[in-house]
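Participant: Handing over work_20.cif, mmCIF, C-alpha atoms.
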```
data_data
#
loop_
_atom_site.label_atom_id
_atom_site.label_comp_id
_atom_site.auth_asym_id
_atom_site.auth_seq_id
_atom_site.Cartn_x
_atom_site.Cartn_y
_atom_site.Cartn_z
CA MET L 1345 27.33 98.25 32.09
CA ALA L 1346 30.23 97.79 29.75
CA ARG L 1347 29.79 95.11 27.18
CA PRO L 1348 31.69 91.97 27.95
CA ALA L 1349 32.37 90.64 24.50
CA LEU L 1350 32.11 91.11 20.79
CA GLU L 1351 29.10 89.00 20.03
CA VAL L 1352 27.03 90.04 23.01
CA LEU L 1353 26.39 93.62 21.97
CA GLN L 1354 22.99 93.74 20.35
CA GLY L 1355 23.14 95.39 16.99
CA GLY L 1356 26.70 96.41 17.63
CA LYS L 1357 28.46 94.15 15.21
CA ASN L 1358 28.78 96.76 12.51
CA VAL L 1359 30.05 99.31 14.99
CA GLU L 1360 32.64 96.87 16.20
CA GLN L 1361 33.69 95.98 12.69
CA THR L 1362 34.14 99.65 11.93
CA TRP L 1363 36.22 100.13 15.04
CA LEU L 1364 38.28 97.03 14.34
CA ARG L 1365 38.92 98.20 10.79
CA GLU L 1366 40.15 101.52 12.16
CA LEU L 1367 42.54 99.70 14.47
CA TYR L 1368 43.63 97.50 11.58
CA GLU L 1369 44.40 100.48 9.36
CA LYS L 1370 46.11 102.55 12.03
CA TYR L 1371 47.98 99.99 14.06
CA GLY L 1372 47.96 96.67 12.24
CA SER L 1373 51.41 96.99 10.79
CA ALA L 1374 52.97 98.39 13.96
CA VAL L 1375 51.68 95.55 16.11
CA TYR L 1376 52.54 92.89 13.56
CA ARG L 1377 56.06 94.28 13.17
CA ARG L 1378 56.60 94.21 16.91
CA CYS L 1379 55.41 90.61 17.10
CA LEU L 1380 57.54 89.58 14.14
CA PHE L 1381 60.56 91.37 15.56
CA LEU L 1382 60.34 89.34 18.75
CA LEU L 1383 58.95 86.01 17.56
CA LYS L 1384 60.69 85.77 14.19
CA GLU L 1385 58.01 83.56 12.68
CA ARG L 1386 55.28 85.00 10.50
CA ALA L 1387 52.59 82.56 11.60
CA ALA L 1388 53.40 83.05 15.26
CA ALA L 1389 53.51 86.80 14.80
CA GLU L 1390 50.11 86.79 13.12
CA ASP L 1391 48.61 84.77 15.97
CA ALA L 1392 50.19 87.04 18.54
CA MET L 1393 48.94 90.13 16.72
CA GLN L 1394 45.42 88.75 16.78
CA ASP L 1395 45.73 88.03 20.49
CA VAL L 1396 46.81 91.61 21.12
CA PHE L 1397 43.90 93.13 19.24
CA ALA L 1398 41.53 90.70 20.93
CA ARG L 1399 42.79 91.97 24.25
CA ALA L 1400 42.08 95.50 23.12
CA MET L 1401 38.55 94.50 22.14
CA LEU L 1402 37.95 92.78 25.45
CA ASN L 1403 39.30 95.76 27.39
CA GLU L 1404 37.61 98.33 25.22
CA ALA L 1405 36.84 100.86 27.91
CA GLY L 1406 40.37 100.99 29.22
CA PHE L 1407 41.86 100.86 25.77
CA ARG L 1408 39.80 103.73 24.43
CA GLY L 1409 40.80 105.78 27.45
CA GLU L 1410 44.49 105.49 26.72
CA SER L 1411 46.20 108.73 25.73
CA SER L 1412 48.11 106.79 23.10
CA GLN L 1413 46.51 103.62 21.86
CA LEU L 1414 49.69 102.88 19.93
CA THR L 1415 51.76 102.88 23.11
CA TRP L 1416 49.23 100.61 24.83
CA LEU L 1417 49.28 98.18 21.92
CA LEU L 1418 53.08 98.13 21.80
CA LYS L 1419 53.20 97.46 25.52
CA ILE L 1420 50.76 94.58 25.27
CA SER L 1421 52.47 93.25 22.16
CA THR L 1422 55.87 93.30 23.79
CA HIS L 1423 54.63 91.73 27.00
CA HIS L 1424 52.69 89.03 25.17
CA CYS L 1425 55.53 88.11 22.83
CA LEU L 1426 58.13 88.03 25.58
CA ASN L 1427 55.84 85.66 27.46
CA LEU L 1428 55.46 83.48 24.39
CA MET L 1429 59.20 83.40 23.93
CA ARG L 1430 59.73 82.33 27.50
CA SER L 1431 57.02 79.74 27.40
CA ARG L 1432 58.31 78.06 24.31
CA LYS L 1433 61.92 78.86 25.05
CA ALA L 1434 62.23 80.53 21.69
CA ALA L 1435 65.82 80.80 20.65
CA TRP L 1436 67.32 83.95 19.30
CA THR L 1437 69.00 82.03 16.56
CA ALA L 1438 70.81 83.18 13.52
CA GLN L 1439 68.25 81.30 11.49
CA TYR L 1440 66.03 84.33 11.37
CA ALA L 1441 68.61 87.04 11.59
CA ARG L 1442 68.62 87.65 7.87
CA ASP L 1443 64.84 88.05 7.74
CA ALA L 1444 64.89 90.35 10.72
CA ARG L 1445 67.62 92.51 9.27
CA ALA L 1446 65.78 92.77 5.98
CA ALA L 1447 62.59 93.76 7.74
CA LEU L 1448 64.32 96.34 9.86
CA ASP L 1449 66.24 97.87 7.00
CA GLY L 1450 62.95 98.62 5.37
CA HIS L 1451 62.08 101.35 7.80
CA GLY L 1452 64.88 102.91 9.66
CA GLY L 1453 68.27 102.59 8.10
CA THR L 1454 71.28 100.50 8.90
CA GLU L 1455 72.25 102.12 12.18
CA ARG L 1456 68.80 101.74 13.66
CA ALA L 1457 68.57 98.17 12.38
CA GLU L 1458 71.90 97.25 13.93
CA ALA L 1459 70.87 98.68 17.27
CA ARG L 1460 67.65 96.74 17.25
CA ASP L 1461 69.32 93.56 16.18
CA TRP L 1462 71.78 93.86 19.02
CA VAL L 1463 68.95 94.43 21.46
CA ARG L 1464 67.01 91.46 20.18
CA ARG L 1465 69.94 89.09 20.37
CA ALA L 1466 70.79 90.08 23.93
CA LEU L 1467 67.28 90.05 25.38
CA GLY L 1468 67.15 86.40 26.35
CA ARG L 1469 69.75 86.89 29.04
CA PHE L 1470 67.64 89.21 31.15
CA ASP L 1471 64.59 89.12 33.38
CA ALA L 1472 61.12 89.95 32.12
CA GLU L 1473 60.97 93.51 33.33
CA THR L 1474 64.36 94.36 31.92
CA GLN L 1475 63.36 92.81 28.60
CA ALA L 1476 60.27 94.96 28.35
CA ALA L 1477 62.14 98.08 29.44
CA VAL L 1478 64.91 97.46 26.94
CA VAL L 1479 62.52 96.93 24.03
CA HIS L 1480 60.61 100.12 24.76
CA TYR L 1481 63.78 102.11 25.35
CA TYR L 1482 65.91 100.94 22.46
CA VAL L 1483 63.38 99.83 19.88
CA ASP L 1484 60.56 102.30 20.52
CA GLU L 1485 63.10 104.95 21.49
CA MET L 1486 61.03 106.01 24.46
CA THR L 1487 62.56 108.16 27.15
CA LEU L 1488 63.28 106.71 30.58
CA GLU L 1489 60.29 108.63 31.89
CA GLU L 1490 58.01 107.21 29.23
CA VAL L 1491 59.20 103.66 29.87
CA ALA L 1492 58.76 104.13 33.60
CA THR L 1493 55.22 105.39 33.13
CA LEU L 1494 54.35 102.61 30.72
CA LEU L 1495 55.69 99.85 32.95
CA GLU L 1496 54.53 101.52 36.16
CA ARG L 1497 57.98 101.64 37.66
CA SER L 1498 60.11 104.50 38.92
CA VAL L 1499 62.55 106.23 36.63
CA PRO L 1500 65.53 105.16 38.79
CA THR L 1501 64.39 101.55 38.52
CA ILE L 1502 64.17 101.74 34.76
CA ARG L 1503 67.47 103.60 34.55
CA LYS L 1504 69.11 100.91 36.64
CA ARG L 1505 67.75 98.14 34.42
CA ILE L 1506 68.79 99.85 31.22
CA ARG L 1507 72.24 100.54 32.61
CA GLN L 1508 72.64 96.93 33.71
CA PHE L 1509 71.60 95.75 30.30
CA ALA L 1510 74.03 98.08 28.59
CA LEU L 1511 76.91 97.16 30.85
CA ALA L 1512 76.24 93.44 30.60
CA THR L 1513 76.19 93.62 26.83
CA GLY L 1514 79.34 95.69 26.58
CA GLN L 1515 77.64 98.87 25.49
CA THR L 1516 78.54 102.31 26.56
CA TRP L 1517 75.46 103.82 28.09
CA SER L 1518 74.71 107.36 29.01
CA GLU L 1519 71.29 108.76 29.59
CA THR L 1520 70.14 110.87 26.69
CA MET U 133 71.58 105.01 23.13
CA ASN U 134 68.59 106.46 21.31
CA THR U 135 69.52 106.51 17.68
CA ALA U 136 69.15 109.45 15.40
CA PRO U 137 68.30 111.95 18.11
CA SER U 138 68.14 114.76 15.61
CA HIS U 139 65.24 113.07 13.87
CA LEU U 140 61.85 111.87 14.94
CA ARG U 141 61.84 108.56 16.68
CA GLU U 142 59.82 105.78 15.12
CA LEU U 143 57.26 105.88 17.92
CA SER U 144 56.46 109.48 17.09
CA LEU U 145 56.28 108.71 13.39
CA ARG U 146 53.87 105.87 14.08
CA GLN U 147 51.78 108.16 16.26
CA LEU U 148 51.67 110.68 13.43
CA PHE U 149 50.70 107.92 11.05
CA ALA U 150 47.85 106.94 13.38
CA SER U 151 46.74 110.58 13.77
CA GLU U 152 47.61 110.54 17.45
CA GLU U 153 48.75 113.56 19.42
CA VAL U 154 52.44 114.41 19.20
CA LEU U 155 54.44 117.38 20.37
CA ALA U 156 54.19 120.53 18.30
CA VAL U 157 57.93 120.54 17.93
CA GLU U 158 57.73 117.09 16.38
CA ARG U 159 55.18 118.25 13.83
CA GLN U 160 57.40 121.20 13.02
CA HIS U 161 60.37 118.91 12.59
CA LEU U 162 58.41 116.72 10.21
CA GLU U 163 57.51 119.69 8.06
CA GLN U 164 61.16 120.65 7.76
CA CYS U 165 62.81 117.24 7.53
CA GLY U 166 62.69 115.34 4.27
CA GLU U 167 64.28 112.27 5.82
CA CYS U 168 61.57 111.97 8.45
CA ARG U 169 58.86 112.51 5.85
CA ALA U 170 60.43 109.70 3.88
CA ARG U 171 60.41 107.49 6.95
CA LEU U 172 56.75 108.32 7.51
CA GLU U 173 56.07 107.35 3.92
CA ASN U 174 57.91 104.09 4.59
CA LEU U 175 55.44 103.41 7.39
CA ARG U 176 52.56 104.03 5.01
CA GLU U 177 54.12 101.59 2.58
CA GLU U 178 54.64 99.12 5.41
CA GLN U 179 50.95 99.34 6.25
CA ARG U 180 50.03 98.83 2.59
CA GLN U 181 52.18 95.70 2.51
CA PHE U 182 50.59 94.55 5.74
CA GLU U 183 47.10 94.97 4.29
CA ALA U 184 48.18 93.13 1.15
CA GLU U 185 49.45 90.23 3.23
CA PHE U 186 46.59 90.18 5.73
CA SER U 187 43.22 91.16 4.36
CA PHE U 188 40.84 92.77 6.81
CA GLU U 189 38.57 89.74 6.62
CA ARG U 190 41.44 87.47 7.61
CA PHE U 191 42.52 89.87 10.34
CA ALA U 192 39.01 90.27 11.75
CA GLY U 193 38.41 86.53 11.65
CA GLY U 194 41.61 85.92 13.57
CA VAL U 195 40.81 88.56 16.15
CA ASP U 196 37.32 87.15 16.61
CA ARG U 197 38.81 83.71 17.16
CA ALA U 198 41.27 85.13 19.66
CA VAL U 199 38.47 86.93 21.50
CA ARG U 200 36.55 83.68 21.84
CA GLU U 201 39.70 81.90 22.92
CA GLN U 202 40.49 84.48 25.58
CA LYS U 203 36.94 84.32 26.91
CA ARG U 204 37.00 80.57 27.16
CA PRO U 205 37.92 79.01 30.50
CA ARG U 206 41.50 77.98 30.10
CA SER U 207 42.67 74.66 31.39
CA SER U 208 45.05 73.28 28.81
CA PRO U 209 48.81 73.19 29.31
CA ASN U 210 49.17 75.65 26.46
CA THR U 211 47.59 78.48 28.34
CA TRP U 212 48.89 80.64 31.12
CA LEU U 213 46.73 78.86 33.61
CA ARG U 214 47.56 75.21 33.98
CA TRP U 215 46.00 72.60 36.16
CA SER U 216 48.02 69.75 37.37
CA VAL U 217 47.21 66.66 39.33
CA ALA U 218 50.79 66.00 40.23
CA LEU U 219 51.46 65.23 43.83
CA ALA U 220 54.04 67.62 45.11
CA ALA U 221 56.60 66.52 47.61
CA SER U 222 56.34 69.54 49.80
CA LEU U 223 53.37 71.52 50.87
CA VAL U 224 53.03 74.84 52.47
CA LEU U 225 49.70 75.25 54.10
CA VAL U 226 48.68 78.82 54.09
CA VAL U 227 45.55 79.46 56.00
CA ILE U 228 43.75 82.32 54.44
CA GLY U 229 40.67 83.74 55.96
CA ALA U 230 39.68 84.12 59.53
CA ARG U 231 42.85 82.84 61.04
CA GLY U 232 45.44 83.92 58.51
CA GLY U 233 43.85 87.24 57.67
CA LEU U 234 45.16 87.04 54.12
CA PHE U 235 41.80 87.17 52.42
CA GLU U 236 39.39 90.01 52.62
CA THR U 237 35.85 88.95 53.09
CA SER U 238 32.78 90.57 51.68
CA ASP U 239 32.23 92.68 54.76
CA GLY U 240 35.50 94.40 53.99
CA GLY U 241 37.47 93.04 56.91
CA PRO U 242 40.01 90.31 56.93
CA ASN U 243 38.88 88.56 60.05
CA ARG U 244 35.16 88.22 59.95
CA ILE U 245 33.92 84.93 58.58
CA LYS U 246 30.20 84.46 58.24
CA SER U 247 28.66 81.24 59.35
CA GLY U 248 31.94 79.44 59.70
CA ALA U 249 32.91 79.80 56.07
CA GLU U 250 36.62 79.68 55.45
CA VAL U 251 39.09 79.31 52.64
CA GLU U 252 42.51 77.78 52.76
CA VAL U 253 45.20 77.90 50.13
CA VAL U 254 47.95 75.35 49.87
CA VAL U 255 51.11 76.31 48.03
CA ARG U 256 53.13 73.40 46.81
CA GLY U 257 56.85 74.04 46.85
CA VAL U 258 59.04 72.93 44.00
CA GLY U 259 61.16 70.72 46.22
CA ALA U 260 61.76 69.73 49.78
CA GLY U 261 62.89 72.49 52.08
CA LEU U 262 61.24 75.25 50.13
CA GLN U 263 58.25 75.69 52.34
CA ARG U 264 57.57 79.14 53.56
CA THR U 265 55.11 81.15 55.55
CA VAL U 266 53.13 83.60 53.50
CA ALA U 267 52.96 87.21 54.55
CA ALA U 268 49.49 88.54 55.21
CA GLY U 269 47.59 91.27 53.46
CA LEU U 270 46.38 92.14 50.00
CA ALA U 271 48.95 94.89 49.77
CA ALA U 272 51.67 92.28 49.63
CA PRO U 273 50.95 89.81 46.86
CA GLU U 274 52.14 86.30 47.42
CA PRO U 275 55.18 85.71 45.22
CA LEU U 276 55.16 82.38 43.46
CA ALA U 277 58.31 80.66 42.30
CA GLU U 278 58.52 78.88 38.99
CA GLY U 279 56.65 75.59 39.18
CA GLU U 280 54.90 76.22 42.46
CA GLN U 281 51.35 75.02 42.58
CA VAL U 282 48.34 76.28 44.44
CA ARG U 283 45.40 74.38 45.85
CA ILE U 284 42.30 76.04 47.12
CA GLY U 285 40.26 74.59 49.92
CA TYR U 286 37.09 75.79 51.60
CA ARG U 287 34.72 75.23 54.45
CA THR U 288 31.27 76.29 53.40
CA GLY U 289 29.73 76.85 56.80
CA ASP U 290 26.13 77.76 56.08
CA PHE U 291 26.70 78.40 52.39
CA ARG U 292 25.88 75.80 49.79
CA TYR U 293 27.63 76.85 46.59
CA VAL U 294 31.21 77.59 45.65
CA ALA U 295 32.96 79.16 42.67
CA ALA U 296 36.52 80.32 42.08
CA LEU U 297 37.87 82.62 39.44
CA SER U 298 40.93 84.68 38.76
CA ILE U 299 41.72 87.89 36.96
CA ASP U 300 45.11 88.91 35.65
CA ALA U 301 46.80 92.27 35.37
CA TYR U 302 45.22 92.82 31.97
CA GLY U 303 41.71 92.15 33.15
CA ALA U 304 41.41 88.69 31.64
CA VAL U 305 39.03 86.63 33.76
CA THR U 306 39.38 82.88 34.03
CA MET U 307 36.90 80.62 35.74
CA ILE U 308 38.88 78.25 37.90
CA TYR U 309 36.04 76.23 39.36
CA PRO U 310 33.73 75.26 37.91
CA GLU U 311 34.65 76.11 34.35
CA ALA U 312 31.14 76.48 32.97
CA GLY U 313 27.56 76.91 34.04
CA GLN U 314 27.03 78.15 37.55
CA SER U 315 28.71 77.88 40.90
CA ALA U 316 28.97 74.30 42.08
CA LEU U 317 27.12 72.65 44.91
CA ALA U 318 29.58 72.66 47.77
CA LYS U 319 30.52 69.71 49.88
CA GLY U 320 31.53 69.28 53.38
CA GLY U 321 29.87 71.83 55.61
CA ASP U 322 32.41 72.11 58.39
CA ALA U 323 34.87 69.83 56.67
CA LEU U 324 37.72 71.29 54.66
CA VAL U 325 37.26 70.44 50.98
CA TYR U 326 39.79 71.18 48.26
CA LEU U 327 38.87 72.11 44.74
CA PRO U 328 39.98 69.46 42.27
CA ASP U 329 43.58 69.42 41.17
CA SER U 330 46.35 71.92 41.65
CA LEU U 331 46.66 75.25 39.99
CA GLU U 332 49.81 76.53 38.43
CA PHE U 333 49.95 80.03 37.11
CA THR U 334 52.08 80.71 34.13
CA GLY U 335 52.83 84.05 32.64
CA HIS U 336 53.98 86.98 34.69
CA GLY U 337 52.67 89.75 36.84
CA LEU U 338 49.79 89.88 39.27
CA GLU U 339 46.89 87.46 39.46
CA ARG U 340 43.95 87.91 41.82
CA VAL U 341 41.97 84.83 42.85
CA PHE U 342 38.42 85.07 44.17
CA VAL U 343 36.55 82.32 45.95
CA VAL U 344 32.84 83.02 46.26
CA LEU U 345 30.61 81.08 48.64
CA SER U 346 26.90 81.68 48.25
CA SER U 347 23.51 80.43 49.35
CA GLU U 348 22.20 80.27 45.77
CA PRO U 349 24.01 79.19 42.63
CA LEU U 350 25.57 82.08 40.75
CA PRO U 351 25.86 81.99 36.95
CA LEU U 352 29.51 82.10 35.99
CA ASP U 353 28.93 84.78 33.38
CA VAL U 354 27.57 86.99 36.16
CA LEU U 355 30.70 86.35 38.19
CA SER U 356 32.91 87.01 35.18
CA ARG U 357 31.18 90.29 34.41
CA ALA U 358 31.41 91.32 38.04
CA ALA U 359 35.14 90.73 37.95
CA GLN U 360 35.52 92.71 34.74
CA GLU U 361 33.48 95.57 36.14
CA ALA U 362 35.51 95.58 39.33
CA TYR U 363 38.64 95.70 37.22
CA ARG U 364 37.39 98.68 35.25
CA ALA U 365 36.23 100.39 38.42
CA ALA U 366 39.74 99.97 39.78
CA GLY U 367 41.12 101.84 36.80
CA ASN U 368 42.48 98.63 35.28
CA ASP U 369 44.80 98.37 38.25
CA LEU U 370 44.63 94.93 39.78
CA SER U 371 46.21 96.09 43.01
CA ARG U 372 43.20 98.39 43.57
CA LEU U 373 40.58 95.79 42.83
CA SER U 374 37.71 95.72 45.29
CA LEU U 375 35.26 92.98 46.11
CA LEU U 376 32.92 91.69 43.43
CA ALA U 377 29.35 92.93 43.36
CA VAL U 378 27.81 89.50 43.91
CA PRO U 379 25.93 87.99 46.84
CA GLY U 380 27.56 85.67 49.31
CA GLU U 381 30.88 85.57 51.07
CA GLN U 382 34.01 86.06 49.04
CA PHE U 383 37.67 85.61 49.66
CA GLN U 384 40.48 86.96 47.59
CA ARG U 385 44.17 86.54 47.29
CA THR U 386 46.75 88.16 45.05
CA PHE U 387 49.68 86.29 43.62
CA LEU U 388 52.79 87.59 41.92
CA LYS U 389 53.63 85.16 39.17
CA PRO U 390 57.28 84.41 38.43
#
```
How does the structure come out when it is put into structure tokens?

Facilitator:
Amino acid sequence: MARPALEVLQGGKNVEQTWLRELYEKYGSAVYRRCLFLLKERAAAEDAMQDVFARAMLNEAGFRGESSQLTWLLKISTHHCLNLMRSRKAAWTAQYARDARAALDGHGGTERAEARDWVRRALGRFDAETQAAVVHYYVDEMTLEEVATLLERSVPTIRKRIRQFALATGQTWSET
Amino acid sequence: MNTAPSHLRELSLRQLFASEEVLAVERQHLEQCGECRARLENLREEQRQFEAEFSFERFAGGVDRAVREQKRPRSSPNTWLRWSVALAASLVLVVIGARGGLFETSDGGPNRIKSGAEVEVVVRGVGAGLQRTVAAGLAAPEPLAEGEQVRIGYRTGDFRYVAALSIDAYGAVTMIYPEAGQSALAKGGDALVYLPDSLEFTGHGLERVFVVLSSEPLPLDVLSRAAQEAYRAAGNDLSRLSLLAVPGEQFQRTFLKP
């Protein structure tokens, strides 16, 4: 029987701490960056990051079975933060644009940062599935096939959503 | 518009950083590309900064708190599951169970109800004129519009105890009724009794609701574990979720949250 929770596993606390530390060292920054990118507030991003890792702990069996734990964590992070944004009606305001740009410039260069900033600013105009697809496509630079697999949708569906997003935001889009 | 197609994407760099599998061609590119190696080093520096800002102790403490929070029955307005006592103007009565055929029962069929037990679900529309008839079958989840509320009613028949829980697309289990202890002593017998208050799902995606009627009280942690095990057995796919391995009669219904 799979263990239901952290504190229930007899004698397993050290094992769990070791596993959690491994997740922290491998994925902590990636998950936090995704949360900060979407939420724009450090405290909110930290809380969201903790929620994401908690979900991984509570779904350990499924999580460990993922071919890419990073991809799973980014999916959950994106989904969770988009939900938080909708629930609190978070605005994509210019208030945080400077911070976001600075953070993005730190690991990817100006062109990549501009693309991500454009994506982030435009997200609020679209439905939940398009938002998730757009983040994974433009920010994670996944292929249409990878996004479709991750979101459990068909490639044509994802292509359609990406194309609609691109057209609606005045971008020229061609499948690469 | 994938940027920098001639270089490794950030996802691949992060996978390399985490010692995950990447394509051989990507490893070869990394060996030959100074720019990508520099970007990988930037990720290492980013992680160092992260660890400087959030110590492991702080991180682990926060995750532990979040684990406890996610395990706790959620009933506040700040969570995805919100109870409301508001009286809605319009009601859609959806009979689920023997007559409606929308719930599966523990014998695997939609139409057999043991000892007169029955469950009914009432969907409250957002406004007048928005009532609708719900399509039958677990294969077609019931779509919920923003603000719509759900009430769950039951007839116990020969059973004496009732419990309701839900599980979302990520496997998070929430006890709907009662919220702690064990399944509650049912009322009514042949009379239709509604669980207290209305239920409004927030968040998005699928949500499966189980109502379990039993002859003996069932500890809620047993029910929660049964739901989690069913979820894992379904390959973490809520649409493939089977019945819970608990005694009694159970009814289930899948909703698609707005």

Participant: Which residues, named as in the file, does the PyMOL selection byres ((chain U and resi 167-172) around 7) pick out? Answer as a PyMOL selection string.

Facilitator: (chain L and resi 1451-1452) or (chain U and resi 139-140+145+162+165-166+173-176)

Participant: State, in Å with one decimal place, the distance from CA of Gln382 in chain U to CA of Asp329 in chain U.

Facilitator: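 Atom-to-atom, CA of Gln382 in chain U to CA of Asp329 in chain U, that is 20.7 Å.
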
Participant: Report as a list in words the residues that result from applying the PyMOL selection byres ((chain L) within 6 of (chain U)) to the structure here.

Facilitator: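 On the file shown, the PyMOL selection byres ((chain L) within 6 of (chain U)) covers Lys1370, Ser1373, Gln1394, Asp1395, Ala1398, His1451, Asp1484 and Glu1485 of chain L.
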
Participant: With C-alpha atoms retained, export the selected residues as a PDB file, in the coordinates of the input.

Facilitator:
```
ATOM      1  CA  LYS L1370      46.110 102.550  12.030  1.00  0.00           C
ATOM      2  CA  SER L1373      51.410  96.990  10.790  1.00  0.00           C
ATOM      3  CA  GLN L1394      45.420  88.750  16.780  1.00  0.00           C
ATOM      4  CA  ASP L1395      45.730  88.030  20.490  1.00  0.00           C
ATOM      5  CA  ALA L1398      41.530  90.700  20.930  1.00  0.00           C
ATOM      6  CA  HIS L1451      62.080 101.350   7.800  1.00  0.00           C
ATOM      7  CA  ASP L1484      60.560 102.300  20.520  1.00  0.00           C
ATOM      8  CA  GLU L1485      63.100 104.950  21.490  1.00  0.00           C
TER       9      GLU L1485
END
```

Participant: Starting from the point (45.2, 105.8, 34.3), work out which residues of protein, DNA or RNA have an atom no more than 12 Å away when counting all atoms listed in the file; state them as a list in words.

Facilitator: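 The residues near that point, listed by chain and number, are Ala1405, Gly1406, Phe1407, Arg1408, Gly1409, Glu1410, Ser1411, Ser1412, Trp1416, Thr1493, Leu1494 and Glu1496 of chain L; Arg364, Ala365, Ala366, Gly367, Asn368 and Asp369 of chain U.
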
Participant: Could you tell me which residues the PyMOL selection byres ((chain U and resi 320) around 12) returns for this structure, as a list in words?

Facilitator: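 Here the PyMOL selection byres ((chain U and resi 320) around 12) matches Gly248, Ala249, Glu250, Gly285, Tyr286, Arg287, Thr288, Gly289, Asp290, Phe291, Arg292, Tyr293, Val294, Leu317, Ala318, Lys319, Gly321, Asp322, Ala323, Leu324, Val325, Tyr326 and Leu327 of chain U.
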
Participant: Would you mind listing what lies within 6 Å of Val341 in chain U as a list of chain:residue names, with all atoms listed in the file counted and same-chain residues fewer than 3 positions away left out?

Facilitator: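 My list of contacting residues is U:Leu297, U:Ser298, U:Gln384, U:Arg385.
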